[in-house]
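Have a look at input_30.pdb; it's PDB, C-alpha atoms, pLDDT in the B column:
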```
MODEL        1
ATOM      1  CA  MET C 448     103.658  30.359 160.159  1.00 46.00           C
ATOM      2  CA  CYS C 449     100.485  30.117 162.278  1.00 51.00           C
ATOM      3  CA  ALA C 450      98.824  26.885 163.245  1.00 54.00           C
ATOM      4  CA  ILE C 451      95.846  25.717 161.212  1.00 61.00           C
ATOM      5  CA  PRO C 452      92.880  27.628 162.667  1.00 63.00           C
ATOM      6  CA  ASP C 453      90.724  25.605 165.029  1.00 66.00           C
ATOM      7  CA  GLU C 454      87.135  26.627 164.336  1.00 66.00           C
ATOM      8  CA  SER C 455      86.112  25.463 167.803  1.00 70.00           C
ATOM      9  CA  LEU C 456      88.258  28.188 169.419  1.00 72.00           C
ATOM     10  CA  SER C 457      87.190  31.764 169.998  1.00 77.00           C
ATOM     11  CA  PRO C 458      89.322  34.397 168.171  1.00 78.00           C
ATOM     12  CA  ASP C 459      91.154  35.393 171.359  1.00 80.00           C
ATOM     13  CA  MET C 460      92.041  31.794 172.205  1.00 87.00           C
ATOM     14  CA  GLN C 461      93.123  31.186 168.603  1.00 87.00           C
ATOM     15  CA  LEU C 462      95.517  34.124 168.983  1.00 89.00           C
ATOM     16  CA  TYR C 463      96.842  32.528 172.172  1.00 91.00           C
ATOM     17  CA  GLN C 464      97.423  29.220 170.403  1.00 91.00           C
ATOM     18  CA  ASP C 465      99.102  31.047 167.508  1.00 93.00           C
ATOM     19  CA  LEU C 466     101.663  32.473 169.937  1.00 93.00           C
ATOM     20  CA  LEU C 467     102.629  28.987 171.105  1.00 94.00           C
ATOM     21  CA  ALA C 468     102.749  27.744 167.515  1.00 95.00           C
ATOM     22  CA  GLY C 469     104.916  30.722 166.608  1.00 95.00           C
ATOM     23  CA  ASN C 470     107.372  29.747 169.332  1.00 94.00           C
ATOM     24  CA  LYS C 471     107.741  26.278 167.860  1.00 96.00           C
ATOM     25  CA  THR C 472     108.347  27.757 164.420  1.00 96.00           C
ATOM     26  CA  PHE C 473     110.955  30.120 165.904  1.00 94.00           C
ATOM     27  CA  VAL C 474     112.808  27.230 167.576  1.00 96.00           C
ATOM     28  CA  LYS C 475     112.672  25.059 164.451  1.00 96.00           C
ATOM     29  CA  GLU C 476     113.982  27.782 162.124  1.00 96.00           C
ATOM     30  CA  THR C 477     116.678  28.886 164.584  1.00 95.00           C
ATOM     31  CA  VAL C 478     118.014  25.379 165.155  1.00 96.00           C
ATOM     32  CA  GLU C 479     118.089  24.770 161.420  1.00 97.00           C
ATOM     33  CA  ARG C 480     120.418  27.764 161.057  1.00 95.00           C
ATOM     34  CA  ASP C 481     122.495  27.009 164.156  1.00 96.00           C
ATOM     35  CA  PRO C 482     121.989  23.672 165.959  1.00 96.00           C
ATOM     36  CA  LEU C 483     123.866  24.930 169.051  1.00 95.00           C
ATOM     37  CA  TYR C 484     122.157  28.336 169.239  1.00 94.00           C
ATOM     38  CA  PHE C 485     120.089  27.719 172.371  1.00 95.00           C
ATOM     39  CA  GLU C 486     122.860  25.821 174.138  1.00 95.00           C
ATOM     40  CA  LYS C 487     125.182  28.791 173.647  1.00 93.00           C
ATOM     41  CA  LEU C 488     122.475  31.281 174.649  1.00 94.00           C
ATOM     42  CA  ALA C 489     121.829  29.403 177.894  1.00 95.00           C
ATOM     43  CA  GLN C 490     125.459  29.705 178.991  1.00 94.00           C
ATOM     44  CA  GLY C 491     124.966  33.304 180.150  1.00 92.00           C
ATOM     45  CA  GLN C 492     124.750  36.899 179.002  1.00 93.00           C
ATOM     46  CA  THR C 493     127.337  39.642 178.650  1.00 94.00           C
ATOM     47  CA  PRO C 494     125.426  42.426 176.887  1.00 97.00           C
ATOM     48  CA  PRO C 495     127.409  45.655 176.457  1.00 98.00           C
ATOM     49  CA  VAL C 496     124.276  47.810 176.298  1.00 98.00           C
ATOM     50  CA  LEU C 497     121.350  48.651 178.579  1.00 98.00           C
ATOM     51  CA  TRP C 498     118.285  49.937 176.744  1.00 98.00           C
ATOM     52  CA  ILE C 499     115.715  52.027 178.623  1.00 98.00           C
ATOM     53  CA  GLY C 500     112.848  52.332 176.194  1.00 98.00           C
ATOM     54  CA  CYS C 501     109.125  52.763 175.813  1.00 98.00           C
ATOM     55  CA  ALA C 502     106.808  49.805 176.364  1.00 97.00           C
ATOM     56  CA  ASP C 503     105.223  50.499 172.958  1.00 97.00           C
ATOM     57  CA  SER C 504     105.041  47.216 171.033  1.00 96.00           C
ATOM     58  CA  ARG C 505     106.321  48.914 167.863  1.00 96.00           C
ATOM     59  CA  VAL C 506     109.752  49.693 169.313  1.00 97.00           C
ATOM     60  CA  PRO C 507     111.582  46.368 169.902  1.00 96.00           C
ATOM     61  CA  ALA C 508     115.194  47.115 170.868  1.00 97.00           C
ATOM     62  CA  ASN C 509     116.871  44.179 169.131  1.00 97.00           C
ATOM     63  CA  GLN C 510     115.006  44.442 165.855  1.00 96.00           C
ATOM     64  CA  ILE C 511     115.481  48.158 165.273  1.00 97.00           C
ATOM     65  CA  THR C 512     119.204  47.951 166.088  1.00 98.00           C
ATOM     66  CA  HIS C 513     119.703  44.685 164.175  1.00 97.00           C
ATOM     67  CA  THR C 514     121.175  42.957 167.208  1.00 96.00           C
ATOM     68  CA  LYS C 515     120.757  39.428 168.546  1.00 93.00           C
ATOM     69  CA  PRO C 516     119.326  38.106 171.822  1.00 93.00           C
ATOM     70  CA  GLY C 517     122.001  38.484 174.481  1.00 95.00           C
ATOM     71  CA  GLU C 518     123.401  41.746 173.086  1.00 97.00           C
ATOM     72  CA  ILE C 519     121.046  44.263 174.738  1.00 98.00           C
ATOM     73  CA  PHE C 520     119.751  44.253 178.310  1.00 98.00           C
ATOM     74  CA  VAL C 521     116.296  45.847 178.217  1.00 98.00           C
ATOM     75  CA  HIS C 522     114.085  47.850 180.563  1.00 98.00           C
ATOM     76  CA  ARG C 523     110.836  49.323 179.235  1.00 98.00           C
ATOM     77  CA  ASN C 524     108.069  51.440 180.685  1.00 98.00           C
ATOM     78  CA  ILE C 525     105.476  53.914 179.451  1.00 97.00           C
ATOM     79  CA  ALA C 526     107.310  56.762 177.681  1.00 98.00           C
ATOM     80  CA  ASN C 527     110.853  55.628 178.652  1.00 98.00           C
ATOM     81  CA  VAL C 528     110.880  57.534 181.937  1.00 98.00           C
ATOM     82  CA  VAL C 529     113.824  57.478 184.362  1.00 98.00           C
ATOM     83  CA  VAL C 530     112.690  58.246 187.917  1.00 96.00           C
ATOM     84  CA  HIS C 531     115.143  58.231 190.801  1.00 93.00           C
ATOM     85  CA  SER C 532     112.579  56.533 193.089  1.00 94.00           C
ATOM     86  CA  ASP C 533     111.579  53.774 190.651  1.00 97.00           C
ATOM     87  CA  MET C 534     113.034  50.667 192.270  1.00 97.00           C
ATOM     88  CA  ASN C 535     112.271  48.547 189.198  1.00 97.00           C
ATOM     89  CA  MET C 536     114.359  50.766 186.920  1.00 98.00           C
ATOM     90  CA  LEU C 537     117.067  51.251 189.547  1.00 98.00           C
ATOM     91  CA  SER C 538     117.388  47.501 190.094  1.00 98.00           C
ATOM     92  CA  VAL C 539     117.813  46.932 186.367  1.00 98.00           C
ATOM     93  CA  LEU C 540     120.312  49.792 186.134  1.00 98.00           C
ATOM     94  CA  ASP C 541     122.332  48.571 189.112  1.00 98.00           C
ATOM     95  CA  TYR C 542     122.478  45.032 187.766  1.00 98.00           C
ATOM     96  CA  ALA C 543     123.429  46.238 184.292  1.00 98.00           C
ATOM     97  CA  VAL C 544     126.163  48.598 185.476  1.00 98.00           C
ATOM     98  CA  ASN C 545     127.653  46.667 188.388  1.00 97.00           C
ATOM     99  CA  ILE C 546     127.100  43.008 187.476  1.00 97.00           C
ATOM    100  CA  LEU C 547     126.865  42.897 183.686  1.00 97.00           C
ATOM    101  CA  GLU C 548     129.229  45.899 183.399  1.00 97.00           C
ATOM    102  CA  VAL C 549     127.565  47.387 180.346  1.00 98.00           C
ATOM    103  CA  GLN C 550     129.460  50.165 178.584  1.00 98.00           C
ATOM    104  CA  HIS C 551     126.446  52.039 177.211  1.00 98.00           C
ATOM    105  CA  VAL C 552     123.044  52.984 178.595  1.00 98.00           C
ATOM    106  CA  ILE C 553     120.591  54.290 176.010  1.00 98.00           C
ATOM    107  CA  VAL C 554     117.348  56.110 176.736  1.00 98.00           C
ATOM    108  CA  CYS C 555     115.257  55.677 173.587  1.00 98.00           C
ATOM    109  CA  GLY C 556     111.947  57.419 172.984  1.00 98.00           C
ATOM    110  CA  HIS C 557     109.889  57.456 169.812  1.00 98.00           C
ATOM    111  CA  TYR C 558     107.868  59.974 167.874  1.00 98.00           C
ATOM    112  CA  GLY C 559     104.128  59.425 168.181  1.00 98.00           C
ATOM    113  CA  CYS C 560     104.504  58.179 171.767  1.00 98.00           C
ATOM    114  CA  GLY C 561     101.066  57.664 173.312  1.00 97.00           C
ATOM    115  CA  GLY C 562     102.359  58.529 176.776  1.00 97.00           C
ATOM    116  CA  VAL C 563     103.690  61.880 175.612  1.00 98.00           C
ATOM    117  CA  ILE C 564     100.491  62.613 173.683  1.00 98.00           C
ATOM    118  CA  ALA C 565      98.425  61.828 176.788  1.00 97.00           C
ATOM    119  CA  ALA C 566     100.683  64.017 178.944  1.00 97.00           C
ATOM    120  CA  LEU C 567      99.991  66.940 176.621  1.00 96.00           C
ATOM    121  CA  GLY C 568      96.261  66.556 177.156  1.00 94.00           C
ATOM    122  CA  ASN C 569      93.923  67.078 180.088  1.00 94.00           C
ATOM    123  CA  ASP C 570      91.875  63.887 179.930  1.00 94.00           C
ATOM    124  CA  GLU C 571      91.741  61.458 182.841  1.00 94.00           C
ATOM    125  CA  ASN C 572      93.381  58.167 181.909  1.00 94.00           C
ATOM    126  CA  GLY C 573      93.397  56.341 185.231  1.00 96.00           C
ATOM    127  CA  ILE C 574      96.360  55.447 187.410  1.00 95.00           C
ATOM    128  CA  VAL C 575      98.763  56.094 184.532  1.00 96.00           C
ATOM    129  CA  ASP C 576      98.117  59.820 185.043  1.00 96.00           C
ATOM    130  CA  ASN C 577     100.414  59.670 188.066  1.00 97.00           C
ATOM    131  CA  TRP C 578     103.181  58.300 185.852  1.00 97.00           C
ATOM    132  CA  LEU C 579     102.519  60.887 183.162  1.00 97.00           C
ATOM    133  CA  ARG C 580     103.141  63.595 185.731  1.00 97.00           C
ATOM    134  CA  HIS C 581     106.855  63.063 185.107  1.00 97.00           C
ATOM    135  CA  ILE C 582     106.345  64.050 181.467  1.00 98.00           C
ATOM    136  CA  LYS C 583     104.179  67.003 182.447  1.00 98.00           C
ATOM    137  CA  ASP C 584     107.094  68.133 184.632  1.00 98.00           C
ATOM    138  CA  VAL C 585     109.293  68.057 181.541  1.00 98.00           C
ATOM    139  CA  TYR C 586     106.728  70.274 179.827  1.00 98.00           C
ATOM    140  CA  ARG C 587     106.794  72.646 182.789  1.00 98.00           C
ATOM    141  CA  LEU C 588     110.588  72.919 182.587  1.00 97.00           C
ATOM    142  CA  HIS C 589     110.441  73.745 178.868  1.00 98.00           C
ATOM    143  CA  ALA C 590     107.092  75.535 178.743  1.00 98.00           C
ATOM    144  CA  ARG C 591     108.418  78.661 177.047  1.00 98.00           C
ATOM    145  CA  GLU C 592     109.825  76.726 174.112  1.00 98.00           C
ATOM    146  CA  LEU C 593     106.867  74.357 173.812  1.00 98.00           C
ATOM    147  CA  ASN C 594     104.200  77.029 174.147  1.00 97.00           C
ATOM    148  CA  ALA C 595     105.762  78.849 171.206  1.00 98.00           C
ATOM    149  CA  ILE C 596     105.120  75.857 168.929  1.00 98.00           C
ATOM    150  CA  THR C 597     101.672  76.141 167.367  1.00 97.00           C
ATOM    151  CA  ASP C 598     101.668  72.933 165.320  1.00 97.00           C
ATOM    152  CA  GLN C 599     100.506  70.111 167.608  1.00 97.00           C
ATOM    153  CA  LYS C 600     102.551  67.385 165.928  1.00 97.00           C
ATOM    154  CA  GLN C 601     105.719  69.484 166.097  1.00 98.00           C
ATOM    155  CA  LYS C 602     105.002  70.237 169.742  1.00 98.00           C
ATOM    156  CA  THR C 603     104.503  66.546 170.496  1.00 98.00           C
ATOM    157  CA  ASP C 604     107.684  65.577 168.644  1.00 98.00           C
ATOM    158  CA  ARG C 605     109.683  68.180 170.535  1.00 98.00           C
ATOM    159  CA  LEU C 606     108.306  67.009 173.873  1.00 98.00           C
ATOM    160  CA  VAL C 607     109.312  63.467 172.914  1.00 98.00           C
ATOM    161  CA  GLU C 608     112.879  64.745 172.417  1.00 98.00           C
ATOM    162  CA  LEU C 609     112.896  66.835 175.588  1.00 98.00           C
ATOM    163  CA  ASN C 610     111.540  63.897 177.568  1.00 98.00           C
ATOM    164  CA  VAL C 611     114.486  61.779 176.411  1.00 98.00           C
ATOM    165  CA  ILE C 612     116.964  64.563 177.166  1.00 98.00           C
ATOM    166  CA  GLU C 613     115.608  65.108 180.677  1.00 98.00           C
ATOM    167  CA  ASN C 614     115.633  61.391 181.377  1.00 98.00           C
ATOM    168  CA  VAL C 615     119.247  61.159 180.245  1.00 98.00           C
ATOM    169  CA  ASN C 616     119.936  63.916 182.779  1.00 97.00           C
ATOM    170  CA  ASN C 617     118.012  61.968 185.411  1.00 97.00           C
ATOM    171  CA  LEU C 618     120.074  58.901 184.587  1.00 97.00           C
ATOM    172  CA  THR C 619     123.403  60.709 185.023  1.00 97.00           C
ATOM    173  CA  ALA C 620     122.239  61.980 188.412  1.00 96.00           C
ATOM    174  CA  THR C 621     121.479  58.509 189.832  1.00 96.00           C
ATOM    175  CA  SER C 622     123.776  57.247 192.564  1.00 95.00           C
ATOM    176  CA  ILE C 623     124.476  54.173 190.415  1.00 97.00           C
ATOM    177  CA  VAL C 624     125.878  56.099 187.463  1.00 97.00           C
ATOM    178  CA  GLN C 625     127.633  58.620 189.697  1.00 95.00           C
ATOM    179  CA  LYS C 626     129.406  55.852 191.630  1.00 96.00           C
ATOM    180  CA  ALA C 627     130.365  54.069 188.413  1.00 97.00           C
ATOM    181  CA  TRP C 628     132.015  57.212 187.078  1.00 96.00           C
ATOM    182  CA  LYS C 629     133.677  57.863 190.421  1.00 94.00           C
ATOM    183  CA  LYS C 630     135.240  54.393 190.216  1.00 95.00           C
ATOM    184  CA  GLY C 631     136.463  55.128 186.697  1.00 95.00           C
ATOM    185  CA  LYS C 632     134.177  52.667 184.940  1.00 96.00           C
ATOM    186  CA  ASN C 633     133.862  52.852 181.175  1.00 97.00           C
ATOM    187  CA  LEU C 634     130.222  53.903 181.015  1.00 98.00           C
ATOM    188  CA  SER C 635     128.421  56.243 178.632  1.00 98.00           C
ATOM    189  CA  VAL C 636     124.785  57.312 178.526  1.00 98.00           C
ATOM    190  CA  HIS C 637     122.943  58.387 175.386  1.00 98.00           C
ATOM    191  CA  GLY C 638     119.600  59.753 174.203  1.00 98.00           C
ATOM    192  CA  TRP C 639     117.871  58.509 171.053  1.00 98.00           C
ATOM    193  CA  VAL C 640     114.497  58.903 169.355  1.00 98.00           C
ATOM    194  CA  TYR C 641     113.060  56.298 166.991  1.00 98.00           C
ATOM    195  CA  THR C 642     110.922  57.329 164.021  1.00 98.00           C
ATOM    196  CA  LEU C 643     108.082  54.880 163.481  1.00 97.00           C
ATOM    197  CA  ASN C 644     107.277  55.777 159.869  1.00 97.00           C
ATOM    198  CA  THR C 645     110.870  55.521 158.602  1.00 97.00           C
ATOM    199  CA  GLY C 646     112.538  53.073 160.985  1.00 97.00           C
ATOM    200  CA  TYR C 647     115.504  55.374 161.587  1.00 98.00           C
ATOM    201  CA  ILE C 648     116.971  56.364 164.948  1.00 98.00           C
ATOM    202  CA  LYS C 649     117.886  59.977 165.719  1.00 98.00           C
ATOM    203  CA  ASP C 650     120.852  60.529 168.035  1.00 98.00           C
ATOM    204  CA  LEU C 651     120.018  63.597 170.136  1.00 98.00           C
ATOM    205  CA  LYS C 652     123.732  64.241 170.800  1.00 98.00           C
ATOM    206  CA  VAL C 653     123.369  64.368 174.583  1.00 97.00           C
ATOM    207  CA  SER C 654     125.845  61.595 175.381  1.00 97.00           C
ATOM    208  CA  ALA C 655     127.922  61.707 178.554  1.00 97.00           C
ATOM    209  CA  SER C 656     130.751  59.519 179.827  1.00 96.00           C
ATOM    210  CA  ASN C 657     131.552  61.472 183.019  1.00 93.00           C
ATOM    211  CA  ASN C 658     129.858  63.892 185.408  1.00 89.00           C
ATOM    212  CA  HIS C 659     131.482  67.071 184.075  1.00 86.00           C
ATOM    213  CA  LEU C 660     128.149  68.437 182.826  1.00 82.00           C
ATOM    214  CA  VAL C 661     126.035  67.151 185.701  1.00 86.00           C
ATOM    215  CA  ASP C 662     124.618  69.853 187.968  1.00 86.00           C
ATOM    216  CA  ALA C 663     126.857  70.279 190.988  1.00 85.00           C
ATOM    217  CA  VAL C 664     124.094  69.403 193.448  1.00 86.00           C
ATOM    218  CA  PHE C 665     123.964  65.851 192.060  1.00 85.00           C
ATOM    219  CA  LYS C 666     127.708  65.176 192.012  1.00 82.00           C
ATOM    220  CA  PHE C 667     129.404  62.877 194.488  1.00 80.00           C
ATOM    221  CA  LYS C 668     132.709  63.966 196.011  1.00 76.00           C
TER     222      LYS C 668
ENDMDL
END
```
Render the structure in this file as structure tokens.
Amino acid sequence: MCAIPDESLSPDMQLYQDLLAGNKTFVKETVERDPLYFEKLAQGQTPPVLWIGCADSRVPANQITHTKPGEIFVHRNIANVVVHSDMNMLSVLDYAVNILEVQHVIVCGHYGCGGVIAALGNDENGIVDNWLRHIKDVYRLHARELNAITDQKQKTDRLVELNVIENVNNLTATSIVQKAWKKGKNLSVHGWVYTLNTGYIKDLKVSASNNHLVDAVFKFK
């Protein structure tokens, strides 16, 4: 429930105040259901899953998997990209694997992804174009298949899937995941795509729990 509108506030400041009012409503309703909820939540986290997803506001990890706060450790960026030189992503991955000891890492894209759509085009979008280069590289790797698709939506959807698949591959090639498998840790990586207009998740069936299918050049001895 939003606060009673204050006519003296501009629309953008009213939105800001509504966010704070929404927080109070969230706390009130949560404590009514479970008086000790926040005390228990503050004791620490042991999530079994790391989610690497798109920053798109329509793809909230907990809501679409019907999980609670504390059950999924989350990293998000434009178009759910895994880059071996991205220290932000690597720091999250290292903490998740070696400190939280998650058992599953999921790369989740979504159909209708604005980053993928932009990567398919030739417009200048600013500094984000440098980030989108990673998706354009995915296109380059799969150009024969993608160029054969004449329907633009089907082409975009397929690039969304291929982007997830390639980023799962990138994830398995990181030193963090390679070392975890070398030590015998129980760790699996997966690739999913979320469908905005149905709410369902598609498992792309590219899961891996060891380095058997990783290209030899990326494997540790």
ask   = Could you tell me, as number ranges by chain, which residues have any atom at most 10 Å from (117.6, 54.3, 171.6), counting only C-alpha atoms?
value = C: 497-501, 506, 508, 511-512, 527, 552-557, 611, 637-641, 648-651
- Message: Please enumerate the residues selected by the PyMOL selection byres ((chain C and resi 568) around 12) when evaluated against the supplied file, formatted as a PyMOL selection string.
- Response: chain C and resi 561-567+569-572+576+579-580+582-583+586+599+603
- Task: Quote the spacing between atom CA of Phe485 of chain C and atom CA of Asn470 of chain C in Å to one decimal place.
- Result: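 These two atoms are separated by 13.2 Å.
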message = For the PyMOL selection byres ((chain C and resi 593) around 12), applied here, can you spell out every residue it catches as a ChimeraX atom specification?
response = /C:567,583,585-592,594-609
Counting all atoms listed in the file, which of C:Ala489, C:Ser538, C:Pro495, C:Ala620 gets nearest to Ala663 of chain C?
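Among C:Ala489, C:Ser538, C:Pro495, C:Ala620, it is C:Ala620 that comes nearest to Ala663 of chain C.
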